[in-house]
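Asks: Take a look at this one; I'll ask things after.
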Amino acid sequence: MSLKVVGTSVRKVDGLALAAGGPLFVADEIPRHTLVGRALRSPHAHAEIVSIDVSAARALPGVYAALSHHDVPRVAITTAGQGAPEPSPYDTFILDKKVRYVGDPVALVAAETAEIAAAALKLIKVEYRPLPAILSIDAALAEGAPVIHDEPEAEMPIPVHYEPEKNICAFVDVASGDIEAAINAGDHVIDGTYEVHYAQHAPIEPHTCAGWLDQYGRLVLRTSTQVPFHARRITARALGLNVRQIRVIKPRVGGGFGTKQEVLLEPWVGALVLAAKRPVMIELDREEELVFSRTRHPQRVRMRTGYLADGALTGTYMEVHSNTGAYGSHGLTVMTNCGSKTLPLYRRGEVAFRGTTVYTNMPVAGAYRGYGGTQASFAQECQMDEIAQHLGVDPLALRQKLHIRQGEGSPAFAMLGEGKEGVEQIVQSCGLAECLKQGAEAIDWYGKRGKPGDGPIKRGIGMAALMQGSSIPEIDMASVTLKMNEDGSFNLMAGATDLGTGSDTVLAQIAAEVLGVSVNEMIVHSSDTDLTPFDVGAYASSTTYLSGEAARRCALKVAAQIAEVAAVELGCDAKAIHLEGGYAVGPEGRQISLARVGAISLYERNQHQIGATDSAISHSSPPPFAAHFVEVEVDTETGLVKVKKYVAAVDCGRAIHPALAEGQVEGSVANGIGYALTERFIFNEWGKVQNGNFGDYRIPSAEDMPELVTILVPTVEPTGPYGAKSVSEININGACPAIANAIYDAIGVRLRQTPFTPEVILDALDAKARG
């Protein structure tokens with residue numbers, strides 16, 4: 001297939017506006033006289049609100065609304081922006097009479113200025129009755145532990161295990177066969193436990209939402225969200241409104257990474273707008289974003305694997321304990337993804353997975369790029385190196401021998417879905433073998449590995465193999481609408497949500513390829529629940545694969561309509577026409593411009609609008625694959641770990657826009673390096689975060705980045721648009737295990753807990769010295 005637009009790095013459709021600082025984000029375009037919304041937050045990790053009085057705040061000049069739990073509907077919701085019914089518990093209220101972590105909202109105000117809003121918060125009188133707090137997984141599961149969610153409204157909207165009276169948010173226990181027999185059939189058994197920590201997404205634009213009532217009394221929310229249609233549905237439930245009474249508009253988004261898959265501010269803003277009858281905007285400050293929005297689920301992952309003397313795996317049991325914090329957003333699905341996004345990567349006799357997600361009085365976890373794959377890849381890829389070490393074989397060679405191939409499946413695919421059983425799958429595209437080969441060459445695996453050098457600074461080489469998914473099968477759906485204009489241009493309306501990833505451009509490329517025009521002829525409008533068709537939103541690595549397929553199908557319908565009009569003008573059969581270079585081309589090279597076709601259809605003969613809407617639903621979730629290789633320096637005197645070179649070889653199918661795909665890889669890698677080495681929360685004894693700012697919560701800067709080599713290994717995924725698969729999440733999963741394995745190569749200590757700070761390194765070296 002000769003492609004003209006797909007596979008090229010065209011200019012982003014919004015690139016010039018972004019570079020010129022156009023008014024594109026939520027805070028750039030708000031109505032005049034918009035009030036400032038703020039939240040009063042709990043100083044306690046766990047407490048009942050005995051009494052609350054907002055009257056003094058309400059009476060303060062310049063305050064237009066002051067709300068407590070007495071003033072808003074008491075309707076249980078989930079903040080997880082997932083398909084309905086959501087596979088997350090309804091355990092959250094706009095405002096509640098109980099607080100469950102330090103920072104839980106207690107009251108809301110809307111005032112003319114930020115200063116007045118801050119003064120109003122100080123006037124609110126709250127009497128708390130502190131309760132015992134649960135700050136760890138083990139404490140949550142202890143006999144007689146305090147119950148965090150004792151409210152009668154808490155429920156799981158789907159038929160899965162939910163035991164809030166035992167602080168259990170979710171539980172799964174599945175196996176493909178007799179796992180104990182399979183593990184014990186090995187010549188050797190390895191049993192390891194690996195722990196991964198809290199981290200925050202740290203988008204440059206924090207959660208921001210503005211709302212107002214339009215001329216018809218409808219609530220309009222202009223919000224920085226990944227899930228505009230889910231935000232509309234969940235906000236309607238929270239406020240007791242019909243969906244038709246709410247319009248959600250998503251402008252440009254300044255980063256999301258999963259945290260904006262949460263519906264956090266929209267119900268608050270809606271409640272304040274309805275109370276004040278004035279426009280209101282809430283914009284989280286940096287501390288609020290870091291501490292009070294959402295985090296990655298910290299987890300403890302145990303892996304028990306049987307293996308033969310030749311390295312073949314006879315069976316693997318994975319057990320996950322996940323800490324969802326005070327509320328259960330994504331608590332089930334992140335946990336199950338730990339198994340579904342890792343266990344199929346290697347051939348093994350049998351697999352079993354057991355997962356428990358618990359409530360604690362800690363910050364609330366949620367969706368975060370990688371979504372379980374990050375946590376479990378650390379465990380799996382460290383254990384693969386440990387097996388190789390025990391057998392005395394090359395870790396690269398072991399992976400090359402055992403990884404899944406095209407035409408193969410895994411019982412884990414069908415065992416583990418999101419809120420239900422998964423879908424049986426056969427891998428139809430896999431470039432992992434080539435990723436391993438090219439990545440090893442780029443890092444000089446055989447030349448550098450096992451040579452730490454002399455002196456206090458040691459060098460090491462490590463690697464990790466990875467897989468992820470592309471959308472959620474039999475759940476996710478996307479739609480696209482196209483209409484043709486009289487100059488041969490096209491309006492493309494998509495519910496898909498561009499977070500800065502470039503999906504507007506990618507969808508335009510796919511449609512333009514079908515219609516035989518350049519991207520300049522595509523006018524893209526995305527994510528307005530009144531104007532664009534439905535899309536689940538930007539999550540689960542679904543946009544290119546799923547929304548892109550909807551764009552392709554829709555463009556095919558429009559192309560057929562164009563051919564019908566052109567056939568009459570050219571005097572030929574419509575099936576003999578193809579679109580190319582802005583023309584409908586018939587037999588013997590006869591042609592008519594698309595502008596002429598558009599004008600004829602709208603103004604001249606058989607007048608009608610050329611246009612269509614089409615949808616796509618996922619029936620499979622084809623995994624992208626990657627091989628990451630890293631070179632580190634470890635200072636044995638200070639414990640400092642520096643990443644000197646990072647190679648990411650990635651199979652994302654056919655890259656629709658290679659430069660954007662590379663950008664996704666590089667951003668994910670930077671995200672992963674920060675998680676592995678520097679990003680962490682520091683808590684006091686009451687579970688309060690002590691480092692809620694960029695000075696103390698350290699994300700990598702450009703100066704911290706190593707030499708980064710990105711290799712796109714092309715394959716063709718037959719179920720994806722023009723052979724595409726996902727690329728946005730998989731590459732955050734490699735840094736933790738690859739760096740851990742490189743540290744072992746450098747100094748001979750095995751780290752099974754993240755992050756790898758200087759203190760951790762020095763303690764490990766001390767333990768090694770003491771035997």
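Ordering of the structure tokens sets the chain letters (A, B, ...); residue numbers start at 1 within each chain; ligands are numbered from 1 in the order shown.
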Env of His230 in chain A: 7 Å cut, atoms = only C-alpha atoms, seq-sep filter 3 positions within chain, self excluded. Answer as a PyMOL selection string.

Replies: chain A and resi 81-82+227+233-234

Asks: For range 141-151 of chain A, find every residue with an atom within 7 Å (counting only C-alpha atoms), except residues of its own chain fewer than 3 positions away, and show them as a list in words.

Replies: Arg100, Pro132, Ile137, Asp138, Ala154, Pro164, Glu165, Lys166, Asn167 and Tyr359 of chain A

Asks: What lies within 7 Å of Phe171 in chain A using only C-alpha atoms, ignoring chain neighbours under 3 positions off, as a short mmCIF file (atom, residue, chain, number, x, y, z; two decimals) with all heavy atoms, in the first residue's frame?

Replies:
```
data_model
loop_
_atom_site.label_atom_id
_atom_site.label_comp_id
_atom_site.auth_asym_id
_atom_site.auth_seq_id
_atom_site.Cartn_x
_atom_site.Cartn_y
_atom_site.Cartn_z
N HIS A 161 -16.50 -8.68 43.53
CA HIS A 161 -16.24 -8.74 44.97
C HIS A 161 -15.99 -7.34 45.53
O HIS A 161 -15.10 -6.63 45.07
CB HIS A 161 -15.03 -9.63 45.22
CG HIS A 161 -14.82 -9.97 46.67
ND1 HIS A 161 -15.00 -11.23 47.17
CD2 HIS A 161 -14.44 -9.21 47.72
CE1 HIS A 161 -14.74 -11.24 48.47
NE2 HIS A 161 -14.40 -10.01 48.82
N GLY A 355 -5.46 -10.80 43.35
CA GLY A 355 -5.25 -9.39 43.65
C GLY A 355 -6.22 -8.88 44.68
O GLY A 355 -7.41 -9.25 44.67
N THR A 356 -5.74 -8.03 45.56
CA THR A 356 -6.56 -7.39 46.58
C THR A 356 -6.24 -5.91 46.60
O THR A 356 -5.07 -5.52 46.74
CB THR A 356 -6.28 -7.98 47.98
OG1 THR A 356 -6.44 -9.40 47.95
CG2 THR A 356 -7.23 -7.39 49.01
N THR A 357 -7.27 -5.10 46.44
CA THR A 357 -7.11 -3.64 46.56
C THR A 357 -7.78 -3.19 47.85
O THR A 357 -8.94 -3.54 48.10
CB THR A 357 -7.75 -2.93 45.36
OG1 THR A 357 -7.13 -3.37 44.15
CG2 THR A 357 -7.58 -1.42 45.47
#
```

Asks: Of the candidates A:Ala309, A:Leu492, A:Leu219, A:Ala440, which one gets nearest to Thr235 in chain A if we count only C-alpha atoms?

Replies: A:Leu219

Asks: For the strand (DSSP E) assignment from backbone DSSP, which residues of range 440-577 of chain A qualify? Please present them as a list in words.

Replies: Ile457, Lys458, Arg459, Gly460, Ile461, Gly462, Met463, Ala464, Ala465, Leu466, Met467, Met477, Ala478, Ser479, Val480, Thr481, Leu482, Lys483, Met484, Phe490, Asn491, Leu492, Met493, Ala494, Met522, Ile523, Val524, His525 and Ser526 of chain A

Asks: Convert the current residue selection to file output with N, CA, C and O atoms, as a JSON list (two decimals), in the first residue's frame.

Replies:
```
[["chain", "number", "residue", "atom", "x", "y", "z"],
["A", 457, "ILE", "N", 33.04, 4.96, 41.05],
["A", 457, "ILE", "CA", 31.89, 5.07, 40.15],
["A", 457, "ILE", "C", 31.84, 3.84, 39.26],
["A", 457, "ILE", "O", 32.76, 3.57, 38.47],
["A", 458, "LYS", "N", 30.77, 3.08, 39.41],
["A", 458, "LYS", "CA", 30.60, 1.83, 38.66],
["A", 458, "LYS", "C", 29.57, 2.02, 37.55],
["A", 458, "LYS", "O", 28.61, 2.78, 37.68],
["A", 459, "ARG", "N", 29.81, 1.29, 36.46],
["A", 459, "ARG", "CA", 28.86, 1.34, 35.34],
["A", 459, "ARG", "C", 28.16, 0.00, 35.20],
["A", 459, "ARG", "O", 28.74, -1.05, 35.44],
["A", 460, "GLY", "N", 26.90, 0.07, 34.80],
["A", 460, "GLY", "CA", 26.13, -1.15, 34.59],
["A", 460, "GLY", "C", 25.16, -1.00, 33.44],
["A", 460, "GLY", "O", 24.76, 0.11, 33.08],
["A", 461, "ILE", "N", 24.78, -2.14, 32.87],
["A", 461, "ILE", "CA", 23.82, -2.20, 31.77],
["A", 461, "ILE", "C", 22.65, -3.08, 32.21],
["A", 461, "ILE", "O", 22.85, -4.15, 32.79],
["A", 462, "GLY", "N", 21.44, -2.61, 31.95],
["A", 462, "GLY", "CA", 20.25, -3.39, 32.27],
["A", 462, "GLY", "C", 19.21, -3.29, 31.18],
["A", 462, "GLY", "O", 19.31, -2.44, 30.28],
["A", 463, "MET", "N", 18.21, -4.14, 31.26],
["A", 463, "MET", "CA", 17.18, -4.14, 30.23],
["A", 463, "MET", "C", 15.85, -4.60, 30.81],
["A", 463, "MET", "O", 15.77, -5.12, 31.92],
["A", 464, "ALA", "N", 14.81, -4.41, 30.01],
["A", 464, "ALA", "CA", 13.47, -4.92, 30.32],
["A", 464, "ALA", "C", 12.71, -5.08, 29.02],
["A", 464, "ALA", "O", 12.88, -4.28, 28.10],
["A", 465, "ALA", "N", 11.91, -6.12, 28.94],
["A", 465, "ALA", "CA", 10.97, -6.30, 27.83],
["A", 465, "ALA", "C", 9.58, -5.95, 28.32],
["A", 465, "ALA", "O", 9.25, -6.17, 29.49],
["A", 466, "LEU", "N", 8.74, -5.43, 27.42],
["A", 466, "LEU", "CA", 7.46, -4.86, 27.84],
["A", 466, "LEU", "C", 6.36, -5.16, 26.84],
["A", 466, "LEU", "O", 6.61, -5.38, 25.66],
["A", 467, "MET", "N", 5.12, -5.16, 27.35],
["A", 467, "MET", "CA", 3.93, -5.18, 26.51],
["A", 467, "MET", "C", 2.88, -4.32, 27.20],
["A", 467, "MET", "O", 2.99, -4.00, 28.38],
["A", 477, "MET", "N", -15.58, 2.37, 22.83],
["A", 477, "MET", "CA", -16.17, 2.74, 21.55],
["A", 477, "MET", "C", -15.80, 4.18, 21.24],
["A", 477, "MET", "O", -15.69, 5.01, 22.13],
["A", 478, "ALA", "N", -15.61, 4.46, 19.96],
["A", 478, "ALA", "CA", -15.29, 5.81, 19.51],
["A", 478, "ALA", "C", -16.06, 6.12, 18.24],
["A", 478, "ALA", "O", -16.41, 5.21, 17.47],
["A", 479, "SER", "N", -16.31, 7.40, 18.01],
["A", 479, "SER", "CA", -17.06, 7.83, 16.83],
["A", 479, "SER", "C", -16.43, 9.07, 16.23],
["A", 479, "SER", "O", -15.82, 9.88, 16.95],
["A", 480, "VAL", "N", -16.63, 9.24, 14.94],
["A", 480, "VAL", "CA", -16.13, 10.40, 14.21],
["A", 480, "VAL", "C", -17.19, 10.83, 13.20],
["A", 480, "VAL", "O", -17.86, 9.98, 12.59],
["A", 481, "THR", "N", -17.34, 12.13, 13.03],
["A", 481, "THR", "CA", -18.23, 12.70, 12.01],
["A", 481, "THR", "C", -17.40, 13.52, 11.02],
["A", 481, "THR", "O", -16.50, 14.26, 11.44],
["A", 482, "LEU", "N", -17.70, 13.37, 9.75],
["A", 482, "LEU", "CA", -17.05, 14.17, 8.69],
["A", 482, "LEU", "C", -18.12, 14.81, 7.84],
["A", 482, "LEU", "O", -19.15, 14.18, 7.52],
["A", 483, "LYS", "N", -17.89, 16.06, 7.42],
["A", 483, "LYS", "CA", -18.75, 16.67, 6.40],
["A", 483, "LYS", "C", -17.88, 17.45, 5.44],
["A", 483, "LYS", "O", -16.83, 18.00, 5.81],
["A", 484, "MET", "N", -18.32, 17.46, 4.19],
["A", 484, "MET", "CA", -17.55, 18.08, 3.12],
["A", 484, "MET", "C", -18.04, 19.50, 2.85],
["A", 484, "MET", "O", -19.25, 19.77, 2.87],
["A", 490, "PHE", "N", -12.80, 19.57, 4.61],
["A", 490, "PHE", "CA", -13.66, 18.69, 5.42],
["A", 490, "PHE", "C", -13.62, 19.12, 6.88],
["A", 490, "PHE", "O", -12.55, 19.46, 7.41],
["A", 491, "ASN", "N", -14.77, 19.11, 7.51],
["A", 491, "ASN", "CA", -14.84, 19.26, 8.96],
["A", 491, "ASN", "C", -14.82, 17.87, 9.58],
["A", 491, "ASN", "O", -15.64, 17.02, 9.22],
["A", 492, "LEU", "N", -13.89, 17.66, 10.48],
["A", 492, "LEU", "CA", -13.78, 16.39, 11.21],
["A", 492, "LEU", "C", -14.13, 16.67, 12.66],
["A", 492, "LEU", "O", -13.44, 17.44, 13.34],
["A", 493, "MET", "N", -15.22, 16.07, 13.13],
["A", 493, "MET", "CA", -15.66, 16.23, 14.51],
["A", 493, "MET", "C", -15.43, 14.91, 15.24],
["A", 493, "MET", "O", -15.96, 13.87, 14.82],
["A", 494, "ALA", "N", -14.65, 14.97, 16.31],
["A", 494, "ALA", "CA", -14.30, 13.75, 17.05],
["A", 494, "ALA", "C", -14.49, 13.97, 18.54],
["A", 494, "ALA", "O", -14.14, 15.03, 19.07],
["A", 522, "MET", "N", -8.24, 19.42, 6.34],
["A", 522, "MET", "CA", -9.04, 18.89, 7.45],
["A", 522, "MET", "C", -9.17, 19.95, 8.53],
["A", 522, "MET", "O", -8.17, 20.47, 9.03],
["A", 523, "ILE", "N", -10.39, 20.28, 8.90],
["A", 523, "ILE", "CA", -10.68, 21.23, 9.98],
["A", 523, "ILE", "C", -11.17, 20.39, 11.16],
["A", 523, "ILE", "O", -12.27, 19.85, 11.12],
["A", 524, "VAL", "N", -10.36, 20.30, 12.19],
["A", 524, "VAL", "CA", -10.63, 19.36, 13.28],
["A", 524, "VAL", "C", -11.26, 20.08, 14.47],
["A", 524, "VAL", "O", -10.78, 21.13, 14.92],
["A", 525, "HIS", "N", -12.33, 19.51, 14.95],
["A", 525, "HIS", "CA", -12.97, 20.00, 16.18],
["A", 525, "HIS", "C", -13.18, 18.79, 17.07],
["A", 525, "HIS", "O", -13.83, 17.83, 16.67],
["A", 526, "SER", "N", -12.63, 18.84, 18.27],
["A", 526, "SER", "CA", -12.72, 17.66, 19.13],
["A", 526, "SER", "C", -13.32, 17.99, 20.49],
["A", 526, "SER", "O", -13.14, 19.09, 21.02]]
```

Asks: List the neighbours of Ile49 in chain A out to 9 Å using only C-alpha atoms; skip same-chain residues closer than 5 positions along the sequence, and give me the result as a list in words.

Replies: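 The filter keeps Asp96, Lys97, Lys98, Val99, Val106, Val126, Glu127, Tyr128, Arg129 and Pro130 of chain A.
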
Asks: With N, CA, C and O atoms kept, could you save the residues just selected as a PDB file, in the first residue's frame?

Replies:
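Result file follows (again.pdb):
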```pdb
ATOM      1  N   ASP A  96     -19.009  15.328  51.951  1.00  0.00           N
ATOM      2  CA  ASP A  96     -19.494  14.272  52.830  1.00  0.00           C
ATOM      3  C   ASP A  96     -19.415  14.718  54.282  1.00  0.00           C
ATOM      4  O   ASP A  96     -18.736  15.697  54.616  1.00  0.00           O
ATOM      5  N   LYS A  97     -20.070  13.954  55.135  1.00  0.00           N
ATOM      6  CA  LYS A  97     -20.045  14.221  56.574  1.00  0.00           C
ATOM      7  C   LYS A  97     -18.916  13.462  57.269  1.00  0.00           C
ATOM      8  O   LYS A  97     -18.820  13.463  58.494  1.00  0.00           O
ATOM      9  N   LYS A  98     -18.074  12.823  56.461  1.00  0.00           N
ATOM     10  CA  LYS A  98     -16.907  12.119  56.991  1.00  0.00           C
ATOM     11  C   LYS A  98     -15.738  12.412  56.064  1.00  0.00           C
ATOM     12  O   LYS A  98     -15.912  12.520  54.847  1.00  0.00           O
ATOM     13  N   VAL A  99     -14.536  12.554  56.637  1.00  0.00           N
ATOM     14  CA  VAL A  99     -13.330  12.756  55.830  1.00  0.00           C
ATOM     15  C   VAL A  99     -12.434  11.538  55.987  1.00  0.00           C
ATOM     16  O   VAL A  99     -12.385  10.918  57.054  1.00  0.00           O
ATOM     17  N   VAL A 106     -14.112  19.562  52.491  1.00  0.00           N
ATOM     18  CA  VAL A 106     -15.094  19.720  53.561  1.00  0.00           C
ATOM     19  C   VAL A 106     -16.159  20.745  53.168  1.00  0.00           C
ATOM     20  O   VAL A 106     -17.328  20.595  53.508  1.00  0.00           O
ATOM     21  N   VAL A 126     -15.679  24.215  61.680  1.00  0.00           N
ATOM     22  CA  VAL A 126     -15.874  22.768  61.572  1.00  0.00           C
ATOM     23  C   VAL A 126     -15.450  22.114  62.883  1.00  0.00           C
ATOM     24  O   VAL A 126     -14.364  22.385  63.399  1.00  0.00           O
ATOM     25  N   GLU A 127     -16.305  21.260  63.393  1.00  0.00           N
ATOM     26  CA  GLU A 127     -15.956  20.435  64.553  1.00  0.00           C
ATOM     27  C   GLU A 127     -15.800  18.993  64.086  1.00  0.00           C
ATOM     28  O   GLU A 127     -16.724  18.413  63.513  1.00  0.00           O
ATOM     29  N   TYR A 128     -14.617  18.432  64.316  1.00  0.00           N
ATOM     30  CA  TYR A 128     -14.312  17.066  63.888  1.00  0.00           C
ATOM     31  C   TYR A 128     -14.277  16.127  65.090  1.00  0.00           C
ATOM     32  O   TYR A 128     -13.924  16.536  66.210  1.00  0.00           O
ATOM     33  N   ARG A 129     -14.607  14.875  64.843  1.00  0.00           N
ATOM     34  CA  ARG A 129     -14.345  13.806  65.811  1.00  0.00           C
ATOM     35  C   ARG A 129     -13.339  12.868  65.171  1.00  0.00           C
ATOM     36  O   ARG A 129     -13.695  12.043  64.328  1.00  0.00           O
ATOM     37  N   PRO A 130     -12.051  13.011  65.539  1.00  0.00           N
ATOM     38  CA  PRO A 130     -11.024  12.183  64.898  1.00  0.00           C
ATOM     39  C   PRO A 130     -11.255  10.696  65.136  1.00  0.00           C
ATOM     40  O   PRO A 130     -11.713  10.275  66.204  1.00  0.00           O
TER      41      PRO A 130
END
```

Asks: Would you mind telling me which residue in A:Gly328, A:Asp651, A:Ser542, A:Ala563 lies nearest to Ala433 in chain A when using only C-alpha atoms?

Replies: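 Closest to Ala433 in chain A, using only C-alpha atoms: A:Asp651.
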
Asks: If I take CA of Ala199 in chain A and CA of Ser293 in chain A, how far is one from the other in Å, to one decimal?

Replies: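 Computing the Euclidean distance for CA of Ala199 in chain A and CA of Ser293 in chain A yields 11.5 Å.
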
Asks: If you count only C-alpha atoms, which residues fall within 10 Å of Arg296 in chain A, apart from same-chain ones fewer than 6 positions away, as a list in words?

Replies: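 With the cut-off at 10 Å, the set is Val196, His197, Tyr198, Ala199, Gln200, His201, Gly258, Thr259, Asn323, Thr324, Val334, Pro363, Val364, Ala365, Gly366, Ala367, Tyr368, Arg369, Gly370, Tyr371, Gly372, Thr374 and Gln375 of chain A.
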
Asks: How would the residues just chosen look if you wrote them out with C-alpha atoms as a compact mmCIF listing (two decimals), in the first residue's frame?

Replies:
```
# COMPACT_ATOMS: atom_id res chain seq x y z
CA VAL A 196 6.43 0.16 44.12
CA HIS A 197 5.68 3.54 45.60
CA TYR A 198 3.41 6.56 45.28
CA ALA A 199 3.94 9.01 42.44
CA GLN A 200 1.97 11.90 41.03
CA HIS A 201 1.36 12.75 37.38
CA GLY A 258 -4.37 9.62 33.63
CA THR A 259 -5.06 12.08 36.44
CA ASN A 323 -3.40 0.60 48.03
CA THR A 324 -6.21 2.71 46.55
CA VAL A 334 -5.47 -1.08 37.81
CA PRO A 363 -3.96 10.04 49.21
CA VAL A 364 -6.34 8.74 46.59
CA ALA A 365 -4.88 6.66 43.78
CA GLY A 366 -6.34 6.53 40.30
CA ALA A 367 -5.48 6.13 36.65
CA TYR A 368 -1.85 6.80 35.79
CA ARG A 369 -0.05 6.13 32.52
CA GLY A 370 0.96 2.47 32.55
CA TYR A 371 -2.09 1.60 34.66
CA GLY A 372 -0.84 -1.46 36.53
CA THR A 374 4.20 -0.12 35.44
CA GLN A 375 3.98 -1.78 38.83
```

Asks: Mind giving me the straight-line distance from CA of Thr497 in chain A to CA of Cys209 in chain A in Å, one decimal?

Replies: 15.7 Å

Asks: Which residue out of A:Gly373, A:Gly186, A:Gly331, A:Pro267 has the minimum interatomic distance to Gly315 in chain A when only C-alpha atoms are used?

Replies: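 Ranking A:Gly373, A:Gly186, A:Gly331, A:Pro267 by distance to Gly315 in chain A, first place goes to A:Gly186.
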
Asks: Leu284 in chain A: which residues within 8 Å, counting only C-alpha atoms, same-chain residues fewer than 5 positions away excluded, as a PyMOL selection string?

Replies: chain A and resi 206-208+289

Asks: Please dump the current selection as a JSON list (two decimals), in the first residue's frame; keep C-alpha atoms.

Replies:
```json
[["chain", "number", "residue", "atom", "x", "y", "z"],
["A", 206, "PRO", "CA", -3.30, 21.50, 36.97],
["A", 207, "HIS", "CA", -6.92, 20.39, 37.11],
["A", 208, "THR", "CA", -8.96, 23.38, 35.96],
["A", 289, "GLU", "CA", -2.58, 19.02, 42.23]]
```
